[in-house]
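Data block below; observations after.
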Amino acid sequence: MNEMSNLPAIASPPTAMQWPVNAVERMALCRELSTARLVPPAFQKSPADIFLVMNTLERLGLDFFLTIGECFVTQGKVGFQGKVAAAMLNSSGRLAERLSYSYEGEDDDLTVTVSARINGEAEARTVKVRLGDAKTTNAQWTKQPDQQLGYSGARRWGRRHLPEVMLGMRFDDEVADMVDVTPKPHIGPTMTVSDLPKAAPVEEAPEVEHTEPMRMLEPEGTEQWRAWAQSLITHVRATRTAAEIERWLDLNAGTLDTMRNVEPKMFRMLSNAIDLQRSTRTEMDSDAQ
């Protein structure tokens with residue numbers, strides 16, 4: 001397959017506009033932007049979140065208007081579509097040349113080798129990623145596997161070679177683990193844990209009709225938490241927009257915080273499953289515009 005062009009790095013990206021330096025003025029601007037229909041649903045009517053994203057993108061040297069559409073909210077943090085990883089690295093000023101990509105193989109054995117030379121170094125650093133090891137259930141991995149693999153390779157290259165640029169940023173293609181939160185039957189006097197049926201993965205969760213987001217009662221005990229998590233992810237999967245997912249999470253934020261403390265492993269897996277659905281809905285919302 002053809003290699004992507006290896007162009008000179010952009011050390012100082014052009015600035016589209018000057019943002020207010022004063023925090024009060026900038027927040028006033030964010031309040032206006034939060035009413036815009038072109039702002040992703042997760043940030044509409046949330047000027048404080050826009051304020052945080054604006055400052056983050058400014059630090060990364062990325063244009064706010066071009067990048068805000070590639071952002072989403074994930075468990076209180078800003079998340080980015082996979083394509084933003086390469087933009088962060090190419091605009092960081094740390095690379096002597098832009099990231100380059102070389103592909104070989106096919107099907108699940110398709111691999112991409114991402115290469116770039118850091119300023120002041122003679123040799124390029126590389127990362128190799130295999131499709132079968134990186135792909136998720138996101139439909140884009142089937143529609144355009146080489147492109148998605150390139151996104152994943154860029155992110156992994158940055159994590160390994162320029163972690164100070166990537167920091168703790170989360171990307172949609174990092175959400176690979178699926179949560180197993182299938183409700184289990186009550187363990188009675190004649191039933192033991194070994195008698196329980198194997199849980200189905202979350203992608204096999206029963207479908208439900210679309211309903212308005214609501215607050216779900218807080219459970220007690222591991223099995224009730226498992227059933228609660230299964231119910232939440234099932235309803236999240238039935239949503240029609242990314243904004244509806246955020247409403248489900250907002251209404252159940254207190255219970256999710258409790259789950260984080262009492263069932264941390266289950267919480268992590270549930271969060272990964274929700275993030276995957278959020279990413280999918282965000283892409284669908286963008287395609288519909």
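In the structure tokens, chains take letters A, B, ... by order of appearance, with residues numbered from 1 within each chain and ligands from 1 in the order shown.
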
Quick one: everything within 8 Å of segment 258-265 of chain A, counting only C-alpha atoms, minus sequence neighbours fewer than 4 positions away in the same chain. Send it as a PyMOL selection string. chain A and resi 222+225+254+269

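Closest approach to Met169 of chain A from the set A:Leu256, A:Ile50, A:Ala87, A:Val78 is made by A:Val78, with distances taken over only C-alpha atoms.
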
Using DSSP assignments from the backbone, pull out every residue in segment 40-192 of chain A that falls under alpha helix (DSSP H) and give it to me as a tab-separated table (two decimals) with N, CA and C atoms, in the first residue's frame.
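selection22.tsv was written with the following content:
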```tsv
chain	number	residue	atom	x	y	z
A	47	PRO	N	-20.86	26.18	29.23
A	47	PRO	CA	-19.73	27.08	28.95
A	47	PRO	C	-18.46	26.71	29.71
A	48	ALA	N	-18.60	26.13	30.91
A	48	ALA	CA	-17.41	25.77	31.68
A	48	ALA	C	-16.61	24.69	30.96
A	49	ASP	N	-17.33	23.71	30.37
A	49	ASP	CA	-16.62	22.67	29.61
A	49	ASP	C	-15.94	23.26	28.39
A	50	ILE	N	-16.63	24.18	27.71
A	50	ILE	CA	-16.03	24.82	26.54
A	50	ILE	C	-14.78	25.60	26.95
A	51	PHE	N	-14.84	26.24	28.12
A	51	PHE	CA	-13.69	26.99	28.64
A	51	PHE	C	-12.48	26.07	28.80
A	52	LEU	N	-12.71	24.89	29.39
A	52	LEU	CA	-11.62	23.94	29.60
A	52	LEU	C	-11.07	23.42	28.27
A	53	VAL	N	-11.97	23.12	27.32
A	53	VAL	CA	-11.53	22.63	26.01
A	53	VAL	C	-10.74	23.71	25.29
A	54	MET	N	-11.23	24.94	25.35
A	54	MET	CA	-10.55	26.04	24.68
A	54	MET	C	-9.12	26.19	25.16
A	55	ASN	N	-8.93	26.12	26.48
A	55	ASN	CA	-7.59	26.26	27.04
A	55	ASN	C	-6.72	25.06	26.71
A	56	THR	N	-7.30	23.88	26.69
A	56	THR	CA	-6.54	22.68	26.34
A	56	THR	C	-6.06	22.75	24.90
A	57	LEU	N	-6.95	23.10	23.99
A	57	LEU	CA	-6.58	23.17	22.57
A	57	LEU	C	-5.57	24.28	22.31
A	58	GLU	N	-5.70	25.37	23.05
A	58	GLU	CA	-4.75	26.46	22.89
A	58	GLU	C	-3.35	26.00	23.30
A	59	ARG	N	-3.27	25.24	24.40
A	59	ARG	CA	-1.97	24.73	24.84
A	59	ARG	C	-1.38	23.76	23.82
A	60	LEU	N	-2.25	22.98	23.17
A	60	LEU	CA	-1.78	22.01	22.19
A	60	LEU	C	-1.50	22.62	20.83
A	64	PHE	N	-9.39	25.92	17.71
A	64	PHE	CA	-10.58	25.56	18.48
A	64	PHE	C	-11.73	25.15	17.57
A	65	PHE	N	-12.03	25.95	16.56
A	65	PHE	CA	-13.20	25.70	15.73
A	65	PHE	C	-13.05	24.44	14.88
A	66	LEU	N	-11.81	24.13	14.49
A	66	LEU	CA	-11.59	22.93	13.70
A	66	LEU	C	-11.58	21.67	14.56
A	67	THR	N	-11.28	21.82	15.85
A	67	THR	CA	-11.06	20.66	16.70
A	67	THR	C	-12.21	20.36	17.64
A	83	LYS	N	-8.19	10.74	15.19
A	83	LYS	CA	-7.44	11.54	14.23
A	83	LYS	C	-6.70	12.72	14.86
A	84	VAL	N	-7.12	13.13	16.07
A	84	VAL	CA	-6.51	14.31	16.70
A	84	VAL	C	-5.11	14.00	17.21
A	85	ALA	N	-4.81	12.73	17.51
A	85	ALA	CA	-3.48	12.38	18.02
A	85	ALA	C	-2.38	12.83	17.07
A	86	ALA	N	-2.55	12.54	15.78
A	86	ALA	CA	-1.54	12.94	14.80
A	86	ALA	C	-1.43	14.45	14.72
A	87	ALA	N	-2.58	15.14	14.80
A	87	ALA	CA	-2.56	16.60	14.75
A	87	ALA	C	-1.79	17.18	15.94
A	88	MET	N	-1.99	16.60	17.13
A	88	MET	CA	-1.26	17.05	18.31
A	88	MET	C	0.24	16.93	18.11
A	89	LEU	N	0.66	15.79	17.58
A	89	LEU	CA	2.09	15.53	17.42
A	89	LEU	C	2.69	16.39	16.31
A	90	ASN	N	2.00	16.48	15.17
A	90	ASN	CA	2.54	17.25	14.05
A	90	ASN	C	2.61	18.74	14.34
A	131	LEU	N	-3.56	-4.66	12.89
A	131	LEU	CA	-4.99	-4.40	12.89
A	131	LEU	C	-5.73	-5.31	13.87
A	132	GLY	N	-5.41	-6.61	13.85
A	132	GLY	CA	-6.11	-7.55	14.72
A	132	GLY	C	-5.94	-7.24	16.20
A	133	ASP	N	-4.85	-6.54	16.56
A	133	ASP	CA	-4.60	-6.20	17.95
A	133	ASP	C	-5.20	-4.85	18.34
A	134	ALA	N	-5.55	-4.04	17.35
A	134	ALA	CA	-5.98	-2.67	17.65
A	134	ALA	C	-7.46	-2.42	17.43
A	140	GLN	N	-16.31	1.91	11.95
A	140	GLN	CA	-15.30	2.54	11.10
A	140	GLN	C	-14.10	1.63	10.88
A	141	TRP	N	-13.83	0.71	11.81
A	141	TRP	CA	-12.71	-0.21	11.64
A	141	TRP	C	-12.98	-1.18	10.49
A	142	THR	N	-14.25	-1.39	10.16
A	142	THR	CA	-14.60	-2.24	9.03
A	142	THR	C	-14.63	-1.43	7.74
A	143	LYS	N	-15.14	-0.20	7.82
A	143	LYS	CA	-15.28	0.64	6.64
A	143	LYS	C	-13.95	1.17	6.13
A	145	PRO	N	-10.32	0.42	7.54
A	145	PRO	CA	-9.35	-0.13	8.51
A	145	PRO	C	-7.99	0.53	8.45
A	146	ASP	N	-7.50	0.87	7.23
A	146	ASP	CA	-6.18	1.48	7.15
A	146	ASP	C	-6.15	2.84	7.82
A	147	GLN	N	-7.23	3.62	7.65
A	147	GLN	CA	-7.27	4.94	8.26
A	147	GLN	C	-7.32	4.84	9.78
A	148	GLN	N	-8.19	3.97	10.29
A	148	GLN	CA	-8.30	3.79	11.74
A	148	GLN	C	-6.99	3.26	12.32
A	149	LEU	N	-6.33	2.37	11.58
A	149	LEU	CA	-5.06	1.82	12.05
A	149	LEU	C	-4.01	2.92	12.11
A	150	GLY	N	-4.06	3.84	11.14
A	150	GLY	CA	-3.13	4.97	11.18
A	150	GLY	C	-3.35	5.84	12.40
A	151	TYR	N	-4.63	6.09	12.73
A	151	TYR	CA	-4.94	6.88	13.93
A	151	TYR	C	-4.38	6.20	15.18
A	152	SER	N	-4.61	4.88	15.27
A	152	SER	CA	-4.14	4.14	16.43
A	152	SER	C	-2.62	4.15	16.50
A	153	GLY	N	-1.96	3.99	15.35
A	153	GLY	CA	-0.51	4.00	15.34
A	153	GLY	C	0.07	5.33	15.78
A	154	ALA	N	-0.56	6.44	15.34
A	154	ALA	CA	-0.08	7.77	15.74
A	154	ALA	C	-0.20	7.96	17.25
A	155	ARG	N	-1.35	7.51	17.79
A	155	ARG	CA	-1.53	7.65	19.25
A	155	ARG	C	-0.48	6.85	20.00
A	156	ARG	N	-0.24	5.61	19.57
A	156	ARG	CA	0.73	4.77	20.27
A	156	ARG	C	2.15	5.31	20.11
A	157	TRP	N	2.44	5.88	18.93
A	157	TRP	CA	3.76	6.49	18.74
A	157	TRP	C	3.94	7.62	19.75
A	158	GLY	N	2.92	8.47	19.88
A	158	GLY	CA	3.01	9.58	20.82
A	158	GLY	C	3.11	9.13	22.26
A	159	ARG	N	2.34	8.12	22.65
A	159	ARG	CA	2.39	7.61	24.02
A	159	ARG	C	3.80	7.12	24.36
A	160	ARG	N	4.46	6.49	23.38
A	160	ARG	CA	5.77	5.90	23.64
A	160	ARG	C	6.90	6.92	23.55
A	161	HIS	N	6.87	7.78	22.54
A	161	HIS	CA	8.03	8.61	22.25
A	161	HIS	C	7.89	10.08	22.67
A	163	PRO	N	5.43	11.36	25.34
A	163	PRO	CA	4.33	11.35	26.31
A	163	PRO	C	4.02	12.72	26.88
A	164	GLU	N	5.02	13.63	26.86
A	164	GLU	CA	4.78	14.97	27.38
A	164	GLU	C	3.82	15.76	26.50
A	165	VAL	N	3.65	15.34	25.25
A	165	VAL	CA	2.67	15.97	24.36
A	165	VAL	C	1.29	15.36	24.58
A	166	MET	N	1.26	14.05	24.69
A	166	MET	CA	-0.01	13.35	24.82
A	166	MET	C	-0.62	13.49	26.22
```

Name the residues in contact with Glu121 of chain A at a cut-off of 12 Å, using only C-alpha atoms, excluding same-chain residues fewer than 4 positions from it; report them as number ranges by chain. A: 94-97, 116-117, 125
